[in-house]
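Undergrad: Provided herewith: input_14.pdb, PDB, C-alpha atoms and all ligand atoms.
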```pdb
ATOM      1  CA  MET V  16       3.880 -90.760-116.289  1.00  0.00           C
ATOM      2  CA  ARG V  17       2.017 -88.484-118.698  1.00  0.00           C
ATOM      3  CA  LYS V  18       3.172 -88.022-122.274  1.00  0.00           C
ATOM      4  CA  LEU V  19       5.702 -85.284-122.905  1.00  0.00           C
ATOM      5  CA  ARG V  20       3.604 -82.232-123.662  1.00  0.00           C
ATOM      6  CA  ILE V  21       4.523 -79.675-126.318  1.00  0.00           C
ATOM      7  CA  ALA V  22       2.870 -76.242-126.387  1.00  0.00           C
ATOM      8  CA  LEU V  23       2.628 -75.147-129.982  1.00  0.00           C
ATOM      9  CA  THR V  24       2.021 -71.574-131.146  1.00  0.00           C
ATOM     10  CA  LYS V  25      -1.195 -71.401-133.157  1.00  0.00           C
ATOM     11  CA  GLY V  26      -1.264 -69.712-136.544  1.00  0.00           C
ATOM     12  CA  ARG V  27       1.871 -68.648-138.384  1.00  0.00           C
ATOM     13  CA  LEU V  28       4.231 -71.152-136.768  1.00  0.00           C
ATOM     14  CA  GLU V  29       1.773 -74.041-136.761  1.00  0.00           C
ATOM     15  CA  LYS V  30       2.195 -75.205-140.351  1.00  0.00           C
ATOM     16  CA  LYS V  31       5.983 -75.127-140.236  1.00  0.00           C
ATOM     17  CA  SER V  32       5.958 -76.930-136.872  1.00  0.00           C
ATOM     18  CA  VAL V  33       3.782 -79.692-138.365  1.00  0.00           C
ATOM     19  CA  GLU V  34       6.280 -79.999-141.235  1.00  0.00           C
ATOM     20  CA  LEU V  35       9.068 -80.414-138.692  1.00  0.00           C
ATOM     21  CA  PHE V  36       7.108 -83.038-136.730  1.00  0.00           C
ATOM     22  CA  GLU V  37       6.427 -84.973-139.941  1.00  0.00           C
ATOM     23  CA  LYS V  38      10.126 -84.915-140.825  1.00  0.00           C
ATOM     24  CA  MET V  39      10.762 -86.308-137.351  1.00  0.00           C
ATOM     25  CA  GLY V  40       8.582 -89.251-138.365  1.00  0.00           C
ATOM     26  CA  LEU V  41       5.764 -88.294-135.955  1.00  0.00           C
ATOM     27  CA  ASP V  42       2.176 -89.081-136.918  1.00  0.00           C
ATOM     28  CA  CYS V  43       0.465 -85.670-137.280  1.00  0.00           C
ATOM     29  CA  THR V  44      -2.888 -86.902-138.673  1.00  0.00           C
ATOM     30  CA  GLU V  45      -4.899 -85.771-135.651  1.00  0.00           C
ATOM     31  CA  LEU V  46      -3.119 -82.418-135.487  1.00  0.00           C
ATOM     32  CA  ILE V  47      -3.774 -81.758-139.171  1.00  0.00           C
ATOM     33  CA  ASN V  48      -7.451 -82.750-138.818  1.00  0.00           C
ATOM     34  CA  LYS V  49      -7.882 -81.086-135.447  1.00  0.00           C
ATOM     35  CA  GLY V  50     -11.135 -79.246-136.069  1.00  0.00           C
ATOM     36  CA  ARG V  51     -11.596 -77.136-132.932  1.00  0.00           C
ATOM     37  CA  ARG V  52      -9.714 -79.511-130.610  1.00  0.00           C
ATOM     38  CA  LEU V  53      -6.850 -77.951-128.666  1.00  0.00           C
ATOM     39  CA  ILE V  54      -4.974 -81.007-127.327  1.00  0.00           C
ATOM     40  CA  LEU V  55      -3.856 -83.542-129.908  1.00  0.00           C
ATOM     41  CA  PRO V  56      -1.615 -86.591-130.001  1.00  0.00           C
ATOM     42  CA  VAL V  57       1.502 -86.187-132.168  1.00  0.00           C
ATOM     43  CA  GLY V  58       3.386 -89.475-132.293  1.00  0.00           C
ATOM     44  CA  ASP V  59       4.134 -90.290-128.649  1.00  0.00           C
ATOM     45  CA  TYR V  60       3.849 -86.638-127.638  1.00  0.00           C
ATOM     46  CA  GLU V  61       0.863 -84.490-126.831  1.00  0.00           C
ATOM     47  CA  ALA V  62       0.539 -81.144-128.617  1.00  0.00           C
ATOM     48  CA  VAL V  63      -1.275 -78.237-126.980  1.00  0.00           C
ATOM     49  CA  LEU V  64      -2.319 -75.380-129.282  1.00  0.00           C
ATOM     50  CA  ALA V  65      -2.032 -71.965-127.702  1.00  0.00           C
ATOM     51  CA  LYS V  66      -1.403 -68.284-128.386  1.00  0.00           C
ATOM     52  CA  ALA V  67       2.275 -67.361-128.291  1.00  0.00           C
ATOM     53  CA  ALA V  68       2.274 -65.603-124.896  1.00  0.00           C
ATOM     54  CA  ASP V  69       0.320 -68.515-123.383  1.00  0.00           C
ATOM     55  CA  VAL V  70       2.899 -71.021-124.700  1.00  0.00           C
ATOM     56  CA  ILE V  71       5.380 -69.277-122.423  1.00  0.00           C
ATOM     57  CA  THR V  72       2.973 -69.329-119.454  1.00  0.00           C
ATOM     58  CA  TYR V  73       2.245 -73.058-119.867  1.00  0.00           C
ATOM     59  CA  VAL V  74       5.953 -73.905-120.081  1.00  0.00           C
ATOM     60  CA  GLU V  75       6.907 -71.634-117.170  1.00  0.00           C
ATOM     61  CA  GLN V  76       4.163 -73.157-115.039  1.00  0.00           C
ATOM     62  CA  GLY V  77       5.215 -76.688-115.976  1.00  0.00           C
ATOM     63  CA  VAL V  78       1.879 -77.841-117.421  1.00  0.00           C
ATOM     64  CA  CYS V  79       3.729 -78.201-120.730  1.00  0.00           C
ATOM     65  CA  ASP V  80       7.304 -79.493-120.858  1.00  0.00           C
ATOM     66  CA  ILE V  81       8.335 -78.021-124.182  1.00  0.00           C
ATOM     67  CA  GLY V  82       7.203 -74.962-126.144  1.00  0.00           C
ATOM     68  CA  ILE V  83       7.635 -73.780-129.706  1.00  0.00           C
ATOM     69  CA  VAL V  84       7.375 -70.010-129.793  1.00  0.00           C
ATOM     70  CA  GLY V  85       8.777 -66.942-131.561  1.00  0.00           C
ATOM     71  CA  LYS V  86      11.766 -65.069-130.179  1.00  0.00           C
ATOM     72  CA  ASP V  87       9.588 -61.924-130.309  1.00  0.00           C
ATOM     73  CA  THR V  88       7.294 -63.323-127.609  1.00  0.00           C
ATOM     74  CA  ILE V  89      10.283 -64.577-125.602  1.00  0.00           C
ATOM     75  CA  VAL V  90      11.983 -61.167-125.476  1.00  0.00           C
ATOM     76  CA  GLU V  91       8.682 -59.467-124.689  1.00  0.00           C
ATOM     77  CA  ASN V  92       7.444 -61.881-121.988  1.00  0.00           C
ATOM     78  CA  GLY V  93       9.962 -64.584-121.191  1.00  0.00           C
ATOM     79  CA  LYS V  94      11.713 -65.179-117.943  1.00  0.00           C
ATOM     80  CA  SER V  95      12.193 -68.577-116.379  1.00  0.00           C
ATOM     81  CA  PHE V  96      12.722 -71.451-118.783  1.00  0.00           C
ATOM     82  CA  TYR V  97      15.507 -72.835-120.937  1.00  0.00           C
ATOM     83  CA  GLU V  98      15.762 -71.755-124.558  1.00  0.00           C
ATOM     84  CA  LEU V  99      17.334 -74.742-126.266  1.00  0.00           C
ATOM     85  CA  CYS V 100      17.330 -74.268-129.985  1.00  0.00           C
ATOM     86  CA  ASP V 101      16.674 -71.947-132.870  1.00  0.00           C
ATOM     87  CA  LEU V 102      14.410 -73.741-135.342  1.00  0.00           C
ATOM     88  CA  GLY V 103      15.134 -71.315-138.177  1.00  0.00           C
ATOM     89  CA  ILE V 104      11.410 -71.135-139.053  1.00  0.00           C
ATOM     90  CA  GLY V 105       9.105 -68.124-138.695  1.00  0.00           C
ATOM     91  CA  LYS V 106      11.923 -65.774-139.634  1.00  0.00           C
ATOM     92  CA  CYS V 107      11.159 -62.058-139.450  1.00  0.00           C
ATOM     93  CA  ASP V 108      12.499 -58.879-137.828  1.00  0.00           C
ATOM     94  CA  PHE V 109      11.485 -56.519-135.087  1.00  0.00           C
ATOM     95  CA  ALA V 110      11.450 -53.118-136.743  1.00  0.00           C
ATOM     96  CA  LEU V 111      10.620 -49.495-136.146  1.00  0.00           C
ATOM     97  CA  ALA V 112       8.374 -48.319-138.975  1.00  0.00           C
ATOM     98  CA  GLY V 113       6.508 -45.180-139.922  1.00  0.00           C
ATOM     99  CA  LYS V 114       4.797 -43.337-142.747  1.00  0.00           C
ATOM    100  CA  LYS V 115       6.859 -43.273-145.909  1.00  0.00           C
ATOM    101  CA  GLY V 116       9.156 -40.285-146.243  1.00  0.00           C
ATOM    102  CA  THR V 117       8.727 -38.855-142.728  1.00  0.00           C
ATOM    103  CA  ASP V 118      11.766 -37.838-140.681  1.00  0.00           C
ATOM    104  CA  PHE V 119      11.067 -39.809-137.496  1.00  0.00           C
ATOM    105  CA  PHE V 120      14.240 -38.820-135.634  1.00  0.00           C
ATOM    106  CA  GLY V 121      13.859 -35.123-136.515  1.00  0.00           C
ATOM    107  CA  GLY V 122      12.260 -32.529-134.220  1.00  0.00           C
ATOM    108  CA  TYR V 123      12.161 -32.366-130.428  1.00  0.00           C
ATOM    109  CA  ASN V 124       8.625 -33.470-129.612  1.00  0.00           C
ATOM    110  CA  ILE V 125       8.153 -36.714-127.651  1.00  0.00           C
ATOM    111  CA  LYS V 126       7.306 -39.373-130.202  1.00  0.00           C
ATOM    112  CA  ARG V 127       4.314 -41.708-129.776  1.00  0.00           C
ATOM    113  CA  ILE V 128       4.972 -45.368-130.581  1.00  0.00           C
ATOM    114  CA  ALA V 129       2.202 -47.935-131.066  1.00  0.00           C
ATOM    115  CA  THR V 130       3.097 -51.580-130.494  1.00  0.00           C
ATOM    116  CA  LYS V 131       2.044 -55.039-129.362  1.00  0.00           C
ATOM    117  CA  TYR V 132       5.485 -55.225-127.703  1.00  0.00           C
ATOM    118  CA  PRO V 133       5.778 -52.485-125.035  1.00  0.00           C
ATOM    119  CA  ASN V 134       8.763 -54.068-123.259  1.00  0.00           C
ATOM    120  CA  VAL V 135      10.796 -54.478-126.429  1.00  0.00           C
ATOM    121  CA  THR V 136       9.889 -50.926-127.428  1.00  0.00           C
ATOM    122  CA  LYS V 137      10.864 -49.518-124.026  1.00  0.00           C
ATOM    123  CA  GLN V 138      14.267 -51.258-124.106  1.00  0.00           C
ATOM    124  CA  TYR V 139      14.926 -50.172-127.681  1.00  0.00           C
ATOM    125  CA  PHE V 140      14.294 -46.495-127.009  1.00  0.00           C
ATOM    126  CA  GLU V 141      16.140 -46.616-123.681  1.00  0.00           C
ATOM    127  CA  SER V 142      19.167 -47.907-125.578  1.00  0.00           C
ATOM    128  CA  LYS V 143      18.861 -44.799-127.751  1.00  0.00           C
ATOM    129  CA  ASN V 144      18.355 -42.540-124.716  1.00  0.00           C
ATOM    130  CA  MET V 145      15.127 -41.388-126.286  1.00  0.00           C
ATOM    131  CA  ASP V 146      12.015 -40.598-124.280  1.00  0.00           C
ATOM    132  CA  VAL V 147       8.876 -41.878-126.044  1.00  0.00           C
ATOM    133  CA  LYS V 148       5.211 -42.447-125.253  1.00  0.00           C
ATOM    134  CA  ILE V 149       4.271 -46.093-125.775  1.00  0.00           C
ATOM    135  CA  ILE V 150       0.716 -46.979-126.807  1.00  0.00           C
ATOM    136  CA  LYS V 151      -0.243 -50.666-126.465  1.00  0.00           C
ATOM    137  CA  ILE V 152      -2.220 -52.049-129.426  1.00  0.00           C
ATOM    138  CA  GLU V 153      -3.448 -55.662-129.739  1.00  0.00           C
ATOM    139  CA  GLY V 154      -3.218 -56.214-133.502  1.00  0.00           C
ATOM    140  CA  SER V 155      -2.937 -54.535-136.924  1.00  0.00           C
ATOM    141  CA  VAL V 156      -0.612 -51.990-135.338  1.00  0.00           C
ATOM    142  CA  GLU V 157      -0.075 -50.460-138.781  1.00  0.00           C
ATOM    143  CA  LEU V 158      -3.387 -48.634-138.277  1.00  0.00           C
ATOM    144  CA  ALA V 159      -1.984 -46.378-135.558  1.00  0.00           C
ATOM    145  CA  PRO V 160       0.228 -44.088-137.698  1.00  0.00           C
ATOM    146  CA  LEU V 161      -2.421 -44.079-140.453  1.00  0.00           C
ATOM    147  CA  LEU V 162      -4.995 -42.777-137.977  1.00  0.00           C
ATOM    148  CA  ASP V 163      -2.430 -40.372-136.463  1.00  0.00           C
ATOM    149  CA  LEU V 164      -2.578 -42.147-133.140  1.00  0.00           C
ATOM    150  CA  SER V 165       1.199 -42.601-133.275  1.00  0.00           C
ATOM    151  CA  ASP V 166       4.314 -41.302-135.037  1.00  0.00           C
ATOM    152  CA  ALA V 167       5.661 -44.808-135.606  1.00  0.00           C
ATOM    153  CA  ILE V 168       5.216 -48.461-134.691  1.00  0.00           C
ATOM    154  CA  VAL V 169       7.436 -51.223-133.362  1.00  0.00           C
ATOM    155  CA  ASP V 170       6.281 -54.514-134.846  1.00  0.00           C
ATOM    156  CA  ILE V 171       7.403 -57.648-136.602  1.00  0.00           C
ATOM    157  CA  VAL V 172       7.997 -57.401-140.329  1.00  0.00           C
ATOM    158  CA  GLU V 173       8.140 -60.556-142.371  1.00  0.00           C
ATOM    159  CA  THR V 174       7.679 -59.901-146.096  1.00  0.00           C
ATOM    160  CA  GLY V 175       7.105 -56.142-145.676  1.00  0.00           C
ATOM    161  CA  THR V 176       3.801 -56.406-147.561  1.00  0.00           C
ATOM    162  CA  THR V 177       1.613 -55.050-144.764  1.00  0.00           C
ATOM    163  CA  LEU V 178       3.828 -51.973-144.419  1.00  0.00           C
ATOM    164  CA  LYS V 179       4.025 -51.413-148.161  1.00  0.00           C
ATOM    165  CA  GLU V 180       0.313 -51.768-148.808  1.00  0.00           C
ATOM    166  CA  ASN V 181      -0.392 -49.208-146.093  1.00  0.00           C
ATOM    167  CA  GLY V 182       2.151 -46.578-147.184  1.00  0.00           C
ATOM    168  CA  LEU V 183       4.570 -47.331-144.343  1.00  0.00           C
ATOM    169  CA  GLU V 184       8.287 -48.196-144.371  1.00  0.00           C
ATOM    170  CA  VAL V 185      10.958 -49.573-142.072  1.00  0.00           C
ATOM    171  CA  ILE V 186      12.870 -46.789-140.307  1.00  0.00           C
ATOM    172  CA  GLU V 187      15.274 -49.124-138.518  1.00  0.00           C
ATOM    173  CA  LYS V 188      15.533 -52.878-137.971  1.00  0.00           C
ATOM    174  CA  ILE V 189      15.734 -53.777-134.282  1.00  0.00           C
ATOM    175  CA  MET V 190      16.512 -57.498-134.159  1.00  0.00           C
ATOM    176  CA  PRO V 191      16.050 -60.716-136.140  1.00  0.00           C
ATOM    177  CA  ILE V 192      13.367 -63.146-134.941  1.00  0.00           C
ATOM    178  CA  SER V 193      12.805 -66.884-135.429  1.00  0.00           C
ATOM    179  CA  ALA V 194      11.026 -69.723-133.629  1.00  0.00           C
ATOM    180  CA  ARG V 195      12.712 -71.295-130.605  1.00  0.00           C
ATOM    181  CA  VAL V 196      12.272 -74.448-128.546  1.00  0.00           C
ATOM    182  CA  ILE V 197      11.844 -73.653-124.856  1.00  0.00           C
ATOM    183  CA  VAL V 198      11.816 -76.163-121.986  1.00  0.00           C
ATOM    184  CA  ASN V 199      10.432 -76.059-118.454  1.00  0.00           C
ATOM    185  CA  THR V 200      13.247 -76.019-115.880  1.00  0.00           C
ATOM    186  CA  ALA V 201      11.929 -78.938-113.797  1.00  0.00           C
ATOM    187  CA  SER V 202      11.133 -81.081-116.875  1.00  0.00           C
ATOM    188  CA  MET V 203      14.698 -80.500-118.012  1.00  0.00           C
ATOM    189  CA  LYS V 204      15.923 -82.244-114.858  1.00  0.00           C
ATOM    190  CA  LEU V 205      13.212 -84.884-114.452  1.00  0.00           C
ATOM    191  CA  ARG V 206      12.744 -85.923-118.103  1.00  0.00           C
ATOM    192  CA  ARG V 207      16.151 -85.080-119.504  1.00  0.00           C
ATOM    193  CA  ASP V 208      16.547 -88.145-121.736  1.00  0.00           C
ATOM    194  CA  GLU V 209      13.170 -87.705-123.434  1.00  0.00           C
ATOM    195  CA  ILE V 210      13.796 -83.986-123.932  1.00  0.00           C
ATOM    196  CA  ASP V 211      17.291 -84.607-125.302  1.00  0.00           C
ATOM    197  CA  GLY V 212      15.758 -87.136-127.698  1.00  0.00           C
ATOM    198  CA  PHE V 213      13.167 -84.617-128.886  1.00  0.00           C
ATOM    199  CA  ILE V 214      15.795 -81.882-129.358  1.00  0.00           C
ATOM    200  CA  THR V 215      18.135 -84.198-131.306  1.00  0.00           C
ATOM    201  CA  GLU V 216      15.314 -85.214-133.640  1.00  0.00           C
ATOM    202  CA  ILE V 217      13.970 -81.698-134.199  1.00  0.00           C
ATOM    203  CA  GLU V 218      17.524 -80.365-134.810  1.00  0.00           C
ATOM    204  CA  LYS V 219      17.926 -83.048-137.510  1.00  0.00           C
ATOM    205  CA  ALA V 220      14.505 -82.261-139.035  1.00  0.00           C
ATOM    206  CA  LYS V 221      15.085 -78.496-139.149  1.00  0.00           C
ATOM    207  CA  GLU V 222      17.941 -78.924-141.634  1.00  0.00           C
ATOM    208  CA  THR V 223      15.405 -80.180-144.180  1.00  0.00           C
ATOM    209  CA  VAL V 224      12.636 -77.609-143.479  1.00  0.00           C
ATOM    210  CA  LYS V 225      13.462 -74.016-144.257  1.00  0.00           C
TER     211      LYS V 225
HETATM  212  C1  LIG F   1       2.044 -59.540-138.224  1.00  0.00           C
HETATM  213  C2  LIG F   1       2.665 -58.202-137.932  1.00  0.00           C
HETATM  214  C3  LIG F   1       2.413 -57.432-139.181  1.00  0.00           C
HETATM  215  C4  LIG F   1       2.479 -58.490-140.262  1.00  0.00           C
HETATM  216  C5  LIG F   1       3.819 -58.472-140.945  1.00  0.00           C
HETATM  217  O1  LIG F   1       0.698 -59.467-137.949  1.00  0.00           O
HETATM  218  O2  LIG F   1       2.097 -57.619-136.779  1.00  0.00           O
HETATM  219  O3  LIG F   1       1.156 -56.825-139.153  1.00  0.00           O
HETATM  220  O4  LIG F   1       2.294 -59.747-139.613  1.00  0.00           O
HETATM  221  O5  LIG F   1       3.900 -59.407-141.987  1.00  0.00           O
HETATM  222  P1  LIG F   1       4.371 -58.986-143.442  1.00  0.00           P
HETATM  223  O6  LIG F   1       5.636 -58.165-143.326  1.00  0.00           O
HETATM  224  O7  LIG F   1       4.647 -60.289-144.146  1.00  0.00           O
HETATM  225  O8  LIG F   1       3.273 -58.219-144.103  1.00  0.00           O
HETATM  226  P2  LIG F   1      -0.252 -60.729-137.852  1.00  0.00           P
HETATM  227  O9  LIG F   1      -0.586 -61.238-139.208  1.00  0.00           O
HETATM  228  O10 LIG F   1       0.380 -61.727-136.945  1.00  0.00           O
HETATM  229  O11 LIG F   1      -1.579 -60.107-137.269  1.00  0.00           O
HETATM  230  P3  LIG F   1      -1.858 -59.088-136.049  1.00  0.00           P
HETATM  231  O12 LIG F   1      -1.118 -57.794-136.308  1.00  0.00           O
HETATM  232  O13 LIG F   1      -3.321 -58.895-136.090  1.00  0.00           O
HETATM  233  O14 LIG F   1      -1.366 -59.773-134.803  1.00  0.00           O
END
```
Could I get this file's structure written as structure tokens?
TA:
Amino acid sequence: MRKLRIALTKGRLEKKSVELFEKMGLDCTELINKGRRLILPVGDYEAVLAKAADVITYVEQGVCDIGIVGKDTIVENGKSFYELCDLGIGKCDFALAGKKGTDFFGGYNIKRIATKYPNVTKQYFESKNMDVKIIKIEGSVELAPLLDLSDAIVDIVETGTTLKENGLEVIEKIMPISARVIVNTASMKLRRDEIDGFITEIEKAKETVK
């Protein structure tokens, strides 16, 4: 049988995930010195480095058994997998933000919202019974209100520095975000003991990494 495969979100969550793996007593030497390699041994597991949305695809499709991914990507894209634990790392918030001092909820015109998260944005404004025009942006969403492409953005805010340095502010927080462990539904049945073992160890490790 192949090693249990863990899809790991590249970038922001990567460093904290490595810390967790090290606390679990897993050898992360190859992962730390990965160069441009994308599949690396981590202890007895195999880590696959991928973009957040692809972590979900790989786990849903069963080519990876376990995934470590932000709740933001799960609520935007996720469907069929188990979400087993909150790792308490990568903490941030989904927020509605706009130019400092503007009255976003005032006036009757249909507001334009730029975001990397159109589904989250749609649900949020539906819950407010507000009709908005959603504009999908791939990154640095903060540019949109500055260029007058949108009236506001829906994005993740961690320290608030990006907003602040660009003259923007939070209008309303939408929901708290953190990294989660997700598991493929078939793996959960077929490799239950190994997955339980991984979850127990990572739950223990997360208490010491915050
Ligand atoms: C995220 C997010 C904000 C920023 C928030 O972007 O989209 O731009 O981080 O962090 P802060 O509150 O600590 O400033 P990311 O760095 O992932 O880049 P991207 O927008 O290009 O995806």
Undergrad: Return as a list of chain:residue names the residues of protein, DNA or RNA that approach ligand LIG 1 (chain F) to within 6 Å, with only C-alpha atoms and all ligand atoms taken into account.
TA: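 Protein and nucleic-acid residues within 6 Å of ligand LIG 1 (chain F): V:Gly154, V:Ser155, V:Val156, V:Asp170, V:Ile171, V:Val172, V:Glu173, V:Thr174, V:Gly175, V:Thr176, V:Thr177.
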Undergrad: Apply the PyMOL selection byres (((chain V and resi 200) around 12) and not hetatm) to the displayed file and report the matching residues as a ChimeraX atom specification.
TA: /V:74-82,94-99,197-199,201-207,210
Undergrad: Determine the residue membership of the PyMOL selection byres (((chain V and resi 167) around 12) and not hetatm) for the file above and supply it as a ChimeraX atom specification.
TA: /V:110-115,117-120,125-130,136,147-150,156-166,168-170,178,183-187
Undergrad: Evaluating the PyMOL selection byres (((chain V and resi 26) around 12) and not hetatm) on the displayed file yields which residues, as a list in words?
TA: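 When the PyMOL selection byres (((chain V and resi 26) around 12) and not hetatm) is applied to the shown file, the picked residues are Leu23, Thr24, Lys25, Arg27, Leu28, Glu29, Lys30, Lys31, Ser32, Val33, Leu64, Ala65, Lys66, Ala67, Ile83, Val84, Gly85 and Gly105 of chain V.
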Undergrad: Could you please determine the separation between atom CA of V:Ala220 and atom CA of V:Phe36 in Å, to one decimal place?
TA: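 One can read the atom CA of V:Ala220 to atom CA of V:Phe36 distance as 7.8 Å.
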Undergrad: Between V:Ile89, V:Ala62, V:Cys107, V:Cys100, which has the minimum distance to V:Tyr132 (counting all atoms listed in the file)?
TA: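 Counting all atoms listed in the file, the residue closest to V:Tyr132 is V:Ile89.
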Undergrad: Could you check how far atom CA of V:Arg195 sits from atom CA of V:Lys86, in Å to one decimal?
TA: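 Atom CA of V:Lys86 lies at a distance of 6.3 Å from atom CA of V:Arg195.
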Undergrad: Grab the atom CA of V:Lys106 to atom CA of V:Ser193 distance for me, in Å with one decimal place.
TA: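 These two atoms are separated by 4.4 Å.
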Undergrad: Give me the residues near V:Pro56 as number ranges by chain, where near means some atom within 12 Å (using all atoms listed in the file) and where sequence neighbours in that chain fewer than 4 positions away do not count.
TA: V: 18-22, 36, 41-49, 52, 60-64
Undergrad: As a compact mmCIF listing (two decimals), in the coordinates of the input, could you write out stretch 57-74 of chain V once it has been completed with N, CA, C and O atoms?
TA:
```txt
# COMPACT_ATOMS: atom_id res chain seq x y z
N VAL V 57 0.55 -86.30 -131.05
CA VAL V 57 1.50 -86.19 -132.17
C VAL V 57 2.56 -87.24 -131.89
O VAL V 57 3.39 -87.06 -131.00
N GLY V 58 2.50 -88.35 -132.62
CA GLY V 58 3.39 -89.48 -132.29
C GLY V 58 3.17 -89.84 -130.83
O GLY V 58 2.02 -89.95 -130.37
N ASP V 59 4.25 -89.97 -130.08
CA ASP V 59 4.13 -90.29 -128.65
C ASP V 59 4.02 -89.05 -127.77
O ASP V 59 4.06 -89.14 -126.55
N TYR V 60 3.97 -87.89 -128.40
CA TYR V 60 3.85 -86.64 -127.64
C TYR V 60 2.41 -86.17 -127.63
O TYR V 60 1.56 -86.70 -128.35
N GLU V 61 2.18 -85.12 -126.85
CA GLU V 61 0.86 -84.49 -126.83
C GLU V 61 1.07 -83.02 -127.18
O GLU V 61 1.87 -82.35 -126.52
N ALA V 62 0.39 -82.55 -128.22
CA ALA V 62 0.54 -81.14 -128.62
C ALA V 62 -0.61 -80.33 -128.06
O ALA V 62 -1.77 -80.75 -128.09
N VAL V 63 -0.28 -79.16 -127.53
CA VAL V 63 -1.27 -78.24 -126.98
C VAL V 63 -1.21 -76.97 -127.83
O VAL V 63 -0.14 -76.37 -127.96
N LEU V 64 -2.33 -76.57 -128.43
CA LEU V 64 -2.32 -75.38 -129.28
C LEU V 64 -2.68 -74.14 -128.48
O LEU V 64 -3.72 -74.09 -127.83
N ALA V 65 -1.80 -73.15 -128.52
CA ALA V 65 -2.03 -71.96 -127.70
C ALA V 65 -1.51 -70.71 -128.39
O ALA V 65 -0.69 -70.79 -129.31
N LYS V 66 -1.94 -69.56 -127.91
CA LYS V 66 -1.40 -68.28 -128.39
C LYS V 66 0.02 -68.15 -127.86
O LYS V 66 0.33 -68.66 -126.77
N ALA V 67 0.84 -67.42 -128.60
CA ALA V 67 2.28 -67.36 -128.29
C ALA V 67 2.58 -67.05 -126.81
O ALA V 67 3.34 -67.78 -126.16
N ALA V 68 1.96 -65.98 -126.28
CA ALA V 68 2.27 -65.60 -124.90
C ALA V 68 1.85 -66.70 -123.92
O ALA V 68 2.50 -66.91 -122.88
N ASP V 69 0.79 -67.43 -124.26
CA ASP V 69 0.32 -68.52 -123.38
C ASP V 69 1.25 -69.73 -123.46
O ASP V 69 1.37 -70.47 -122.48
N VAL V 70 1.91 -69.93 -124.59
CA VAL V 70 2.90 -71.02 -124.70
C VAL V 70 3.95 -70.82 -123.60
O VAL V 70 4.32 -71.74 -122.87
N ILE V 71 4.39 -69.59 -123.45
CA ILE V 71 5.38 -69.28 -122.42
C ILE V 71 4.82 -69.54 -121.02
O ILE V 71 5.47 -70.18 -120.19
N THR V 72 3.60 -69.10 -120.77
CA THR V 72 2.97 -69.33 -119.45
C THR V 72 2.88 -70.82 -119.14
O THR V 72 3.24 -71.25 -118.04
N TYR V 73 2.41 -71.62 -120.11
CA TYR V 73 2.24 -73.06 -119.87
C TYR V 73 3.58 -73.74 -119.60
O TYR V 73 3.67 -74.62 -118.75
N VAL V 74 4.63 -73.30 -120.30
CA VAL V 74 5.95 -73.90 -120.08
C VAL V 74 6.53 -73.43 -118.74
O VAL V 74 7.04 -74.23 -117.96
```
